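Peer 1: Quick one, data_20.cif (mmCIF, C-alpha atoms):
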data_data
#
loop_
_atom_site.label_atom_id
_atom_site.label_comp_id
_atom_site.auth_asym_id
_atom_site.auth_seq_id
_atom_site.Cartn_x
_atom_site.Cartn_y
_atom_site.Cartn_z
CA MET P 121 -27.30 -30.68 -11.72
CA THR P 122 -28.00 -27.88 -9.28
CA SER P 123 -25.53 -27.20 -6.47
CA SER P 124 -26.90 -27.38 -2.94
CA SER P 125 -24.28 -24.93 -1.66
CA ALA P 126 -25.40 -21.92 0.36
CA PHE P 127 -23.70 -19.77 -2.27
CA SER P 128 -25.66 -21.05 -5.30
CA THR P 129 -28.26 -18.28 -5.02
CA PRO P 130 -26.12 -15.36 -3.87
CA SER P 131 -28.71 -12.61 -3.85
CA ALA P 132 -31.19 -14.65 -1.86
CA SER P 133 -28.69 -16.08 0.62
CA LEU P 134 -26.40 -13.11 1.03
CA GLY P 135 -28.04 -11.77 4.16
CA LEU P 136 -27.79 -15.22 5.81
CA SER P 137 -24.18 -15.91 4.91
CA PRO P 138 -21.75 -16.12 7.84
CA LEU P 139 -19.16 -14.61 5.49
CA VAL P 140 -20.87 -11.23 5.23
CA PRO P 141 -18.89 -9.82 8.20
CA TYR P 142 -15.72 -10.72 6.26
CA GLY P 143 -16.83 -8.68 3.23
CA TRP P 144 -18.76 -11.28 1.20
CA ASP P 145 -21.23 -9.69 -1.25
CA ASP P 146 -23.24 -10.49 -4.37
CA ALA P 147 -20.32 -9.67 -6.66
CA TRP P 148 -18.03 -12.13 -4.86
CA ALA P 149 -20.80 -14.75 -4.96
CA ASP P 150 -21.12 -14.30 -8.72
CA GLU P 151 -17.33 -14.67 -9.13
CA PHE P 152 -17.42 -17.83 -7.03
CA ALA P 153 -20.32 -19.47 -8.91
CA PRO P 154 -18.13 -21.67 -11.20
CA TYR P 155 -16.26 -23.06 -8.18
CA ASP P 156 -19.54 -23.56 -6.32
CA ALA P 157 -20.68 -25.74 -9.22
CA GLU P 158 -17.54 -27.86 -8.68
CA GLY P 159 -18.46 -28.40 -5.05
CA LEU P 160 -15.72 -26.18 -3.64
CA VAL P 161 -16.09 -24.06 -0.50
CA ALA P 162 -15.81 -20.25 -0.43
CA GLY P 163 -13.73 -18.51 2.19
CA ARG P 164 -11.52 -15.54 2.97
CA VAL P 165 -7.87 -15.92 3.89
CA ILE P 166 -7.26 -14.47 7.36
CA ARG P 167 -3.62 -15.56 7.78
CA VAL P 168 -0.84 -17.12 5.70
CA ASP P 169 2.33 -18.81 6.92
CA ARG P 170 4.71 -21.49 5.62
CA GLY P 171 2.67 -22.63 2.65
CA GLN P 172 -0.56 -22.89 4.59
CA CYS P 173 -3.35 -20.49 5.45
CA ASP P 174 -6.28 -20.04 7.80
CA VAL P 175 -9.51 -19.52 5.88
CA ALA P 176 -12.80 -18.19 7.27
CA THR P 177 -15.64 -20.23 5.73
CA ALA P 178 -19.37 -20.53 6.38
CA ASP P 179 -18.58 -23.46 8.68
CA GLY P 180 -15.83 -21.70 10.62
CA VAL P 181 -12.08 -21.25 10.25
CA ILE P 182 -10.22 -24.07 8.53
CA ARG P 183 -6.55 -24.76 7.81
CA ALA P 184 -5.67 -25.23 4.13
CA ASP P 185 -2.58 -25.90 2.05
CA THR P 186 -1.68 -23.46 -0.75
CA ALA P 187 0.53 -25.82 -2.79
CA PHE P 188 -1.84 -25.84 -5.80
CA VAL P 189 -1.76 -22.05 -6.13
CA THR P 190 1.87 -21.23 -5.28
CA PRO P 191 3.54 -20.39 -8.62
CA HIS P 192 7.04 -19.02 -9.09
CA ASP P 193 5.56 -15.53 -9.49
CA PRO P 194 5.42 -14.05 -5.94
CA MET P 195 2.65 -11.71 -7.09
CA ARG P 196 0.32 -14.66 -7.59
CA VAL P 197 0.67 -16.43 -4.27
CA VAL P 198 -2.26 -16.62 -1.88
CA CYS P 199 -2.20 -13.72 0.57
CA THR P 200 -4.21 -12.34 3.46
CA GLY P 201 -7.46 -10.84 2.20
CA ASP P 202 -7.87 -13.18 -0.78
CA TRP P 203 -11.19 -14.88 -1.44
CA VAL P 204 -10.47 -18.52 -2.22
CA ALA P 205 -12.05 -21.79 -3.32
CA VAL P 206 -11.19 -24.67 -0.96
CA GLU P 207 -11.80 -28.41 -1.16
CA GLN P 208 -14.82 -29.72 0.78
CA GLY P 209 -12.72 -32.25 2.67
CA GLY P 210 -9.40 -34.02 2.79
CA ASN P 211 -6.33 -34.02 4.98
CA PRO P 212 -4.80 -31.67 4.21
CA ARG P 213 -7.45 -29.54 2.50
CA TYR P 214 -6.18 -27.56 -0.47
CA VAL P 215 -6.90 -24.09 -1.80
CA LYS P 216 -7.70 -24.71 -5.47
CA ALA P 217 -7.91 -21.08 -6.67
CA TYR P 218 -8.33 -17.49 -5.55
CA LEU P 219 -10.86 -15.05 -6.99
CA PRO P 220 -9.66 -12.07 -9.09
CA ARG P 221 -8.43 -9.34 -6.75
CA ARG P 222 -10.20 -6.00 -6.67
CA THR P 223 -7.15 -4.28 -5.19
CA ALA P 224 -3.68 -5.36 -4.09
CA PHE P 225 -1.13 -3.60 -1.89
CA VAL P 226 2.33 -4.37 -3.33
CA ARG P 227 5.85 -3.29 -2.47
CA SER P 228 9.19 -4.29 -3.96
CA THR P 229 11.20 -6.88 -2.08
CA SER P 230 14.69 -6.26 -0.78
CA SER P 231 16.05 -8.96 -3.07
CA LYS P 232 18.33 -8.09 -5.96
CA ARG P 233 15.79 -9.68 -8.31
CA SER P 234 13.48 -6.72 -7.69
CA GLU P 235 10.38 -8.81 -7.29
CA GLY P 236 7.07 -7.48 -6.07
CA GLN P 237 5.68 -8.66 -2.74
CA ILE P 238 1.94 -8.57 -2.23
CA LEU P 239 1.06 -7.60 1.34
CA ALA P 240 -2.74 -7.65 1.29
CA ALA P 241 -5.57 -8.14 -1.20
CA ASN P 242 -9.07 -6.75 -1.69
CA VAL P 243 -8.49 -3.72 0.50
CA ASP P 244 -10.78 -0.67 0.53
CA HIS P 245 -8.74 1.55 2.88
CA ALA P 246 -4.98 1.68 3.41
CA VAL P 247 -4.42 3.10 6.90
CA VAL P 248 -0.94 4.61 7.25
CA ALA P 249 -0.07 4.79 10.95
CA VAL P 250 2.42 7.55 11.85
CA SER P 251 3.62 7.99 15.42
CA LEU P 252 3.59 11.44 17.00
CA ALA P 253 6.12 10.21 19.57
CA VAL P 254 8.91 11.07 17.14
CA GLU P 255 9.55 13.77 14.56
CA LEU P 256 7.36 13.47 11.48
CA ASP P 257 9.07 11.95 8.44
CA LEU P 258 6.95 13.43 5.64
CA GLY P 259 9.00 11.70 2.96
CA ARG P 260 8.13 8.30 4.41
CA VAL P 261 4.46 9.28 4.57
CA GLU P 262 4.60 10.19 0.86
CA ARG P 263 6.20 6.83 0.08
CA PHE P 264 3.46 4.87 1.89
CA LEU P 265 0.79 6.98 0.19
CA ALA P 266 2.21 6.30 -3.28
CA LEU P 267 1.91 2.56 -2.69
CA ALA P 268 -1.55 2.98 -1.18
CA TRP P 269 -2.89 4.98 -4.15
CA GLU P 270 -1.32 2.51 -6.59
CA SER P 271 -3.07 -0.40 -4.86
CA GLY P 272 -6.49 1.02 -5.72
CA ALA P 273 -7.41 1.56 -2.06
CA GLN P 274 -8.31 4.88 -0.44
CA PRO P 275 -5.46 5.99 1.84
CA VAL P 276 -6.08 7.29 5.35
CA VAL P 277 -3.28 8.75 7.49
CA VAL P 278 -3.67 8.13 11.23
CA LEU P 279 -1.40 10.12 13.53
CA THR P 280 -1.12 7.80 16.52
CA LYS P 281 -0.21 8.65 20.14
CA ALA P 282 -1.93 12.04 19.89
CA ASP P 283 -2.05 12.13 23.71
CA LEU P 284 1.71 12.80 23.64
CA VAL P 285 0.97 16.21 22.05
CA PRO P 286 -1.07 17.96 24.76
CA GLN P 287 -1.12 21.40 23.11
CA ALA P 288 -4.12 21.59 20.77
CA ALA P 289 -2.44 24.22 18.58
CA THR P 290 0.67 22.06 18.11
CA LEU P 291 -1.43 19.01 17.24
CA ALA P 292 -3.44 21.03 14.72
CA HIS P 293 -0.20 22.25 13.15
CA LEU P 294 1.09 18.66 12.79
CA VAL P 295 -2.18 17.55 11.20
CA GLU P 296 -1.97 20.48 8.78
CA ASP P 297 1.61 19.54 7.80
CA VAL P 298 0.51 16.03 6.92
CA GLU P 299 -2.61 17.24 5.08
CA THR P 300 -0.35 19.37 2.87
CA THR P 301 1.73 16.26 2.20
CA ALA P 302 -1.33 14.11 1.51
CA PRO P 303 -3.74 15.95 -0.82
CA GLY P 304 -7.12 14.26 -1.00
CA VAL P 305 -6.37 11.99 1.97
CA PRO P 306 -8.17 12.08 5.36
CA VAL P 307 -5.72 12.78 8.20
CA LEU P 308 -6.88 11.80 11.69
CA ALA P 309 -5.17 12.37 15.05
CA VAL P 310 -5.91 9.36 17.26
CA SER P 311 -5.00 8.21 20.76
CA SER P 312 -5.46 4.56 21.64
CA GLU P 313 -4.90 5.52 25.30
CA THR P 314 -7.63 8.17 25.61
CA GLY P 315 -9.87 7.08 22.73
CA GLU P 316 -9.51 10.44 20.96
CA GLY P 317 -10.46 10.17 17.29
CA LEU P 318 -11.28 6.44 17.42
CA ASP P 319 -14.98 6.98 16.73
CA VAL P 320 -14.18 8.87 13.53
CA LEU P 321 -11.74 6.17 12.38
CA GLU P 322 -14.25 3.41 13.17
CA ALA P 323 -16.85 5.19 11.02
CA VAL P 324 -14.38 5.50 8.12
CA LEU P 325 -13.48 1.79 8.25
CA ALA P 326 -16.97 0.36 8.82
CA GLY P 327 -18.29 -1.87 6.08
CA GLY P 328 -15.02 -2.38 4.19
CA THR P 329 -11.57 -3.93 4.44
CA ALA P 330 -8.67 -1.89 5.78
CA VAL P 331 -4.97 -2.73 5.90
CA LEU P 332 -2.92 -1.19 8.71
CA LEU P 333 0.56 -0.06 7.60
CA GLY P 334 3.50 1.66 9.19
CA GLN P 335 6.91 1.31 10.76
CA SER P 336 7.54 -0.82 13.82
CA GLY P 337 6.74 1.30 16.85
CA ALA P 338 4.06 3.33 15.06
CA GLY P 339 1.42 1.97 17.43
CA LYS P 340 -0.35 -0.29 14.91
CA SER P 341 -0.98 -3.21 17.27
CA THR P 342 -2.20 -0.90 20.03
CA LEU P 343 -4.48 0.81 17.52
CA ALA P 344 -5.77 -2.55 16.28
CA ASN P 345 -6.57 -3.59 19.86
CA ALA P 346 -8.40 -0.30 20.46
CA LEU P 347 -10.50 -0.80 17.31
CA LEU P 348 -11.22 -4.42 18.22
CA GLY P 349 -12.14 -3.54 21.80
CA GLU P 350 -9.86 -6.26 23.22
CA ASP P 351 -6.18 -7.17 23.42
CA VAL P 352 -5.84 -9.44 20.41
CA MET P 353 -2.48 -8.21 19.12
CA ASP P 354 0.71 -8.39 21.20
CA VAL P 355 2.14 -4.99 22.14
CA GLN P 356 5.67 -4.15 23.25
CA ALA P 357 7.13 -0.88 24.51
CA THR P 358 8.99 1.36 22.10
CA ARG P 359 12.36 2.97 22.76
CA ASP P 360 12.12 6.54 24.03
CA MET P 361 15.08 7.72 21.96
CA ASP P 362 13.66 6.99 18.52
CA GLY P 363 10.16 5.62 19.01
CA LYS P 364 11.09 2.26 17.47
CA GLY P 365 10.08 -1.11 18.79
CA ARG P 366 10.37 -4.75 17.90
CA HIS P 367 8.03 -6.30 15.36
CA THR P 368 5.18 -7.38 17.61
CA THR P 369 3.13 -8.52 14.62
CA THR P 370 4.92 -11.22 12.62
CA THR P 371 2.21 -12.19 10.15
CA ARG P 372 -0.63 -10.42 8.36
CA ASN P 373 -3.87 -11.12 10.21
CA LEU P 374 -7.41 -10.34 9.08
CA LEU P 375 -9.69 -9.43 11.99
CA VAL P 376 -13.42 -8.63 12.07
CA LEU P 377 -14.16 -5.23 13.66
CA PRO P 378 -17.08 -5.05 16.11
CA GLY P 379 -18.36 -1.86 14.46
CA GLY P 380 -18.37 -3.45 11.01
CA GLY P 381 -15.63 -4.03 8.46
CA VAL P 382 -12.42 -6.01 8.75
CA LEU P 383 -8.84 -5.00 9.53
CA ILE P 384 -5.62 -6.53 8.23
CA ASP P 385 -2.78 -5.84 10.65
CA THR P 386 0.74 -6.10 9.22
CA PRO P 387 4.26 -6.38 10.64
CA GLY P 388 6.21 -3.13 10.93
CA LEU P 389 7.79 -2.35 7.56
CA ARG P 390 11.46 -1.36 7.67
CA GLY P 391 11.66 -1.05 3.90
CA VAL P 392 8.90 0.45 1.78
CA GLY P 393 10.13 0.04 -1.79
CA LEU P 394 7.97 1.22 -4.66
CA TRP P 395 6.70 -1.33 -7.15
CA ASP P 396 5.55 0.11 -10.50
CA ALA P 397 3.80 2.96 -8.68
CA GLU P 398 4.06 5.86 -11.15
CA SER P 399 0.37 6.71 -11.02
CA GLY P 400 0.44 6.48 -7.22
CA VAL P 401 3.34 8.93 -7.09
CA GLY P 402 1.39 11.22 -9.40
CA GLN P 403 -1.59 11.20 -7.03
CA VAL P 404 0.55 11.94 -3.97
CA PHE P 405 2.10 14.92 -5.76
CA SER P 406 -0.98 15.97 -7.68
CA GLU P 407 -0.20 19.68 -7.27
CA ILE P 408 3.18 19.20 -9.00
CA GLU P 409 1.54 17.48 -11.95
CA GLU P 410 -0.95 20.35 -12.15
CA PHE P 411 1.90 22.87 -12.28
CA ALA P 412 3.69 20.69 -14.85
CA ALA P 413 0.76 21.01 -17.25
CA ASP P 414 1.83 24.64 -17.78
CA CYS P 415 5.51 23.88 -18.50
CA ARG P 416 6.81 25.08 -21.87
CA PHE P 417 8.07 21.62 -22.82
CA GLN P 418 5.90 18.53 -22.59
CA ASP P 419 8.82 16.35 -21.44
CA CYS P 420 10.09 18.91 -18.93
CA ALA P 421 12.16 17.27 -16.18
CA HIS P 422 11.70 20.28 -13.85
CA VAL P 423 15.44 20.65 -13.31
CA ALA P 424 16.69 23.69 -15.25
CA GLU P 425 14.49 23.94 -18.33
CA PRO P 426 13.31 27.38 -19.46
CA GLY P 427 9.61 27.99 -18.96
CA CYS P 428 9.29 25.34 -16.24
CA ALA P 429 6.11 26.09 -14.29
CA VAL P 430 7.12 23.70 -11.49
CA LEU P 431 10.38 25.54 -10.81
CA ALA P 432 8.50 28.82 -11.00
CA ALA P 433 6.12 27.53 -8.31
CA VAL P 434 9.09 26.66 -6.09
CA GLU P 435 10.58 30.12 -6.69
CA SER P 436 7.30 31.84 -5.77
CA GLY P 437 6.81 29.74 -2.65
CA GLU P 438 3.67 28.02 -3.94
CA LEU P 439 5.47 24.66 -3.94
CA PRO P 440 7.86 23.62 -1.13
CA GLU P 441 11.23 22.58 -2.51
CA ARG P 442 11.14 19.51 -0.23
CA ARG P 443 8.05 18.28 -2.09
CA LEU P 444 9.76 18.59 -5.46
CA GLU P 445 12.86 16.75 -4.22
CA SER P 446 10.72 13.95 -2.78
CA TYR P 447 8.75 13.73 -6.06
CA ARG P 448 11.97 13.42 -8.09
CA LYS P 449 13.36 10.80 -5.72
CA LEU P 450 10.29 8.56 -5.84
CA LEU P 451 9.99 8.84 -9.63
CA ARG P 452 13.67 7.90 -10.07
CA GLU P 453 13.29 4.93 -7.73
CA ASN P 454 10.15 3.77 -9.47
CA GLN P 455 11.81 4.09 -12.89
CA ARG P 456 14.73 1.93 -11.73
CA ILE P 457 12.38 -0.78 -10.46
CA VAL P 458 10.34 -0.81 -13.68
CA ALA P 459 13.48 -0.80 -15.82
CA LYS P 460 14.73 -4.00 -14.18
CA THR P 461 11.66 -5.88 -15.37
CA ASP P 462 10.77 -4.04 -18.60
CA ALA P 463 13.21 -4.07 -21.52
CA ARG P 464 11.30 -1.32 -23.32
CA VAL P 465 11.67 1.03 -20.36
CA ARG P 466 15.38 0.19 -20.11
CA ALA P 467 15.80 1.12 -23.78
CA GLU P 468 13.91 4.39 -23.27
CA ILE P 469 16.16 5.29 -20.33
CA ARG P 470 19.29 4.59 -22.38
CA ARG P 471 17.97 6.75 -25.23
CA ASP P 472 17.20 9.52 -22.75
CA TRP P 473 20.72 9.33 -21.30
CA LYS P 474 22.23 9.52 -24.80
CA ARG P 475 20.03 12.47 -25.73
CA LYS P 476 20.92 14.37 -22.57
CA GLY P 477 24.60 13.53 -23.06
CA ALA P 478 24.51 14.85 -26.62
CA GLU P 479 22.74 18.02 -25.48
CA GLY P 480 25.36 18.52 -22.76
CA ARG P 481 28.23 18.07 -25.22
CA ALA P 482 26.58 20.45 -27.68
CA ALA P 483 26.19 23.05 -24.93
CA MET P 484 29.87 22.72 -24.01
CA GLU P 485 30.93 23.08 -27.66
CA ALA P 486 28.78 26.20 -27.98
CA LYS P 487 30.46 27.69 -24.90
CA ARG P 488 33.91 26.92 -26.26
CA GLY P 489 32.95 28.53 -29.57
CA ARG P 490 31.93 31.72 -27.77
CA TRP P 491 35.17 31.73 -25.83
#
Just dump the structure as structure tokens.
Peer 2:
Amino acid sequence: MTSSSAFSTPSASLGLSPLVPYGWDDAWADEFAPYDAEGLVAGRVIRVDRGQCDVATADGVIRADTAFVTPHDPMRVVCTGDWVAVEQGGNPRYVKAYLPRRTAFVRSTSSKRSEGQILAANVDHAVVAVSLAVELDLGRVERFLALAWESGAQPVVVLTKADLVPQAATLAHLVEDVETTAPGVPVLAVSSETGEGLDVLEAVLAGGTAVLLGQSGAGKSTLANALLGEDVMDVQATRDMDGKGRHTTTTRNLLVLPGGGVLIDTPGLRGVGLWDAESGVGQVFSEIEEFAADCRFQDCAHVAEPGCAVLAAVESGELPERRLESYRKLLRENQRIVAKTDARVRAEIRRDWKRKGAEGRAAMEAKRGRW
């Protein structure tokens, strides 16, 4: 039996599909084919709340229940950006499955169980919004970038409220500081008030899916409205003293951009905990890992070991000490998170502690012997 669905011949129907603006392509159509044969409807999740979600389908936006695909594992719940298979009819209509994710932006929760929380799926660009209304926190930028790289998306740093820095030389200096912190990442200075830099950002985001990240008060909702060309997201004033504001966005919303592509706006993130992001940390601090390749010892911790090329780079001024401290901090945090869920890693950490303890005791004994 041949399905009569509009998605049964993806290559032929792709250009006619109302889902193309949401990112639908031949590869997604191929993934969906088995569900199409079952008579299910394809759609993209544009919002999730309280066990239900809004799904953009070829026939418009529908409301669907996620009960069938809500396991105990929080990493496998339906989230904004997912492509899903939904029942043709029913009240309520149920999401029966979601397609394998190409990318996923994940952070650790604040719970003591150290679970991962998926914020957005199938993202091409992770836009980290950083306000120029307050002093730059480069450590926080590095933290966001580690999660962005780990997700599989291409990070982009957007310095918002650039109109508050009228001196061109000062603005250029701030951009340069962030570029040093974000190797391989585009850094754009943008003003939603004057439109400065918006055309460049629109060109970067066109044709893909972007997730907008940052602290409350970073100007994300204002930036989203500027990109959309209308006031879709609520905006509230930030405090002058610290640039912070209330969370104007309370859910993750997927919005189609007029210039092409889609944008997922997110609530302001107070906590940005790493979640198994070792490779992401490595990409953020790629210059440190390049220096480390020349260390005398393969397992060099870059603390006090002889022949440490990383410490030599700090001593010579090639590597800022702040970067090394931030690198150590994020690696330690990531190791703690992984250790809570991986018994093998916990055992390796214990062995490492014992080894270092034995080396320390041996060093003390050697000193006593010399005395």
Peer 1: Evaluate the PyMOL selection byres ((chain P and resi 315) around 12) and record the selected residues as number ranges by chain, following the chain and residue labels used in the document.
Peer 2: P: 280-283, 309-314, 316-322, 342-343, 345-347, 349
Peer 1: Would you mind reading off the distance between atom CA of P:Gly381 and atom CA of P:Val276, one decimal, in Å?
Peer 2: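 Computed distance, atom CA of P:Gly381 to atom CA of P:Val276, equals 15.1 Å.
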Peer 1: Just want the 7 Å neighbourhood of P:Ala268, counted on all atoms listed in the file, with same-chain residues fewer than 5 positions away dropped. Output as a PDB file with C-alpha atoms, in the frame of the given file.
Peer 2:
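Writing done, so here's selection_34.pdb:
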ATOM      1  CA  PHE P 225      -1.130  -3.600  -1.890  1.00  0.00           C
ATOM      2  CA  ALA P 246      -4.980   1.680   3.410  1.00  0.00           C
ATOM      3  CA  ALA P 273      -7.410   1.560  -2.060  1.00  0.00           C
ATOM      4  CA  PRO P 275      -5.460   5.990   1.840  1.00  0.00           C
TER       5      PRO P 275
END
Peer 1: Would you work out the distance separating atom CA of P:Asp156 from atom CA of P:Ala178, expressed in Å to one decimal?
Peer 2: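 According to the coordinates, atom CA of P:Asp156 and atom CA of P:Ala178 are separated by 13.1 Å.
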Peer 1: Please provide as a PyMOL selection string all residues within 8 Å of P:Leu332, with the sequence filter that same-chain residues fewer than 4 positions apart are discarded (counting all atoms listed in the file).
Peer 2: chain P and resi 246-249+340+383-386
Peer 1: Separation of atom CA of P:Leu139 and atom CA of P:Val324, in Å?
Peer 2: 20.8 Å
Peer 1: Which residues, named as in the file, does the PyMOL selection byres ((chain P and resi 142) around 12) pick out? Answer as a ChimeraX atom specification.
Peer 2: /P:137-141,143-145,148,162-166,175-178,180-181,200-203,242-243,326-330,374-378,380-384
Peer 1: Could you list, as a PyMOL selection string, every residue within 10 Å of P:Leu294, counting all atoms listed in the file and ignoring same-chain residues fewer than 5 positions away?
Peer 2: chain P and resi 252+255-256+279+285+288-289+299+309
Peer 1: If you count all atoms listed in the file, which residues fall within 10 Å of P:Glu407, apart from same-chain ones fewer than 3 positions away, as a CSV table (one decimal) with C-alpha atoms, in the coordinates of the input?
Peer 2:
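What follows is the written file around.csv:
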chain,number,residue,atom,x,y,z
P,303,PRO,CA,-3.7,16.0,-0.8
P,402,GLY,CA,1.4,11.2,-9.4
P,403,GLN,CA,-1.6,11.2,-7.0
P,404,VAL,CA,0.6,11.9,-4.0
P,410,GLU,CA,-1.0,20.4,-12.2
P,411,PHE,CA,1.9,22.9,-12.3
P,412,ALA,CA,3.7,20.7,-14.8
P,430,VAL,CA,7.1,23.7,-11.5
P,438,GLU,CA,3.7,28.0,-3.9
P,439,LEU,CA,5.5,24.7,-3.9
P,443,ARG,CA,8.0,18.3,-2.1
Peer 1: Calculated over all atoms listed in the file, which of the candidates P:Pro212, P:Gly400, P:Gly339, P:Gly159 has the smallest distance to P:Val226?
Peer 2: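 Ranked by minimum distance to P:Val226, first place goes to P:Gly400.
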Peer 1: Which residues match the PyMOL selection byres ((chain P and resi 208) around 6) in the file above, as a VMD selection string?
Peer 2: chain P and resid 160 to 161 207 209
Peer 1: If we count only C-alpha atoms, what is near P:Glu441 at a cut-off of 12 Å, once residues fewer than 5 positions away on the same chain are taken out, given as number ranges by chain?
Peer 2: P: 408, 422-423, 430-436, 446-448
Peer 1: Closest to P:Arg372 among P:Asp414, P:Glu158, P:Asp179, P:Asp169, using only C-alpha atoms?
Peer 2: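 So, comparing all the options, the nearest one is P:Asp169.
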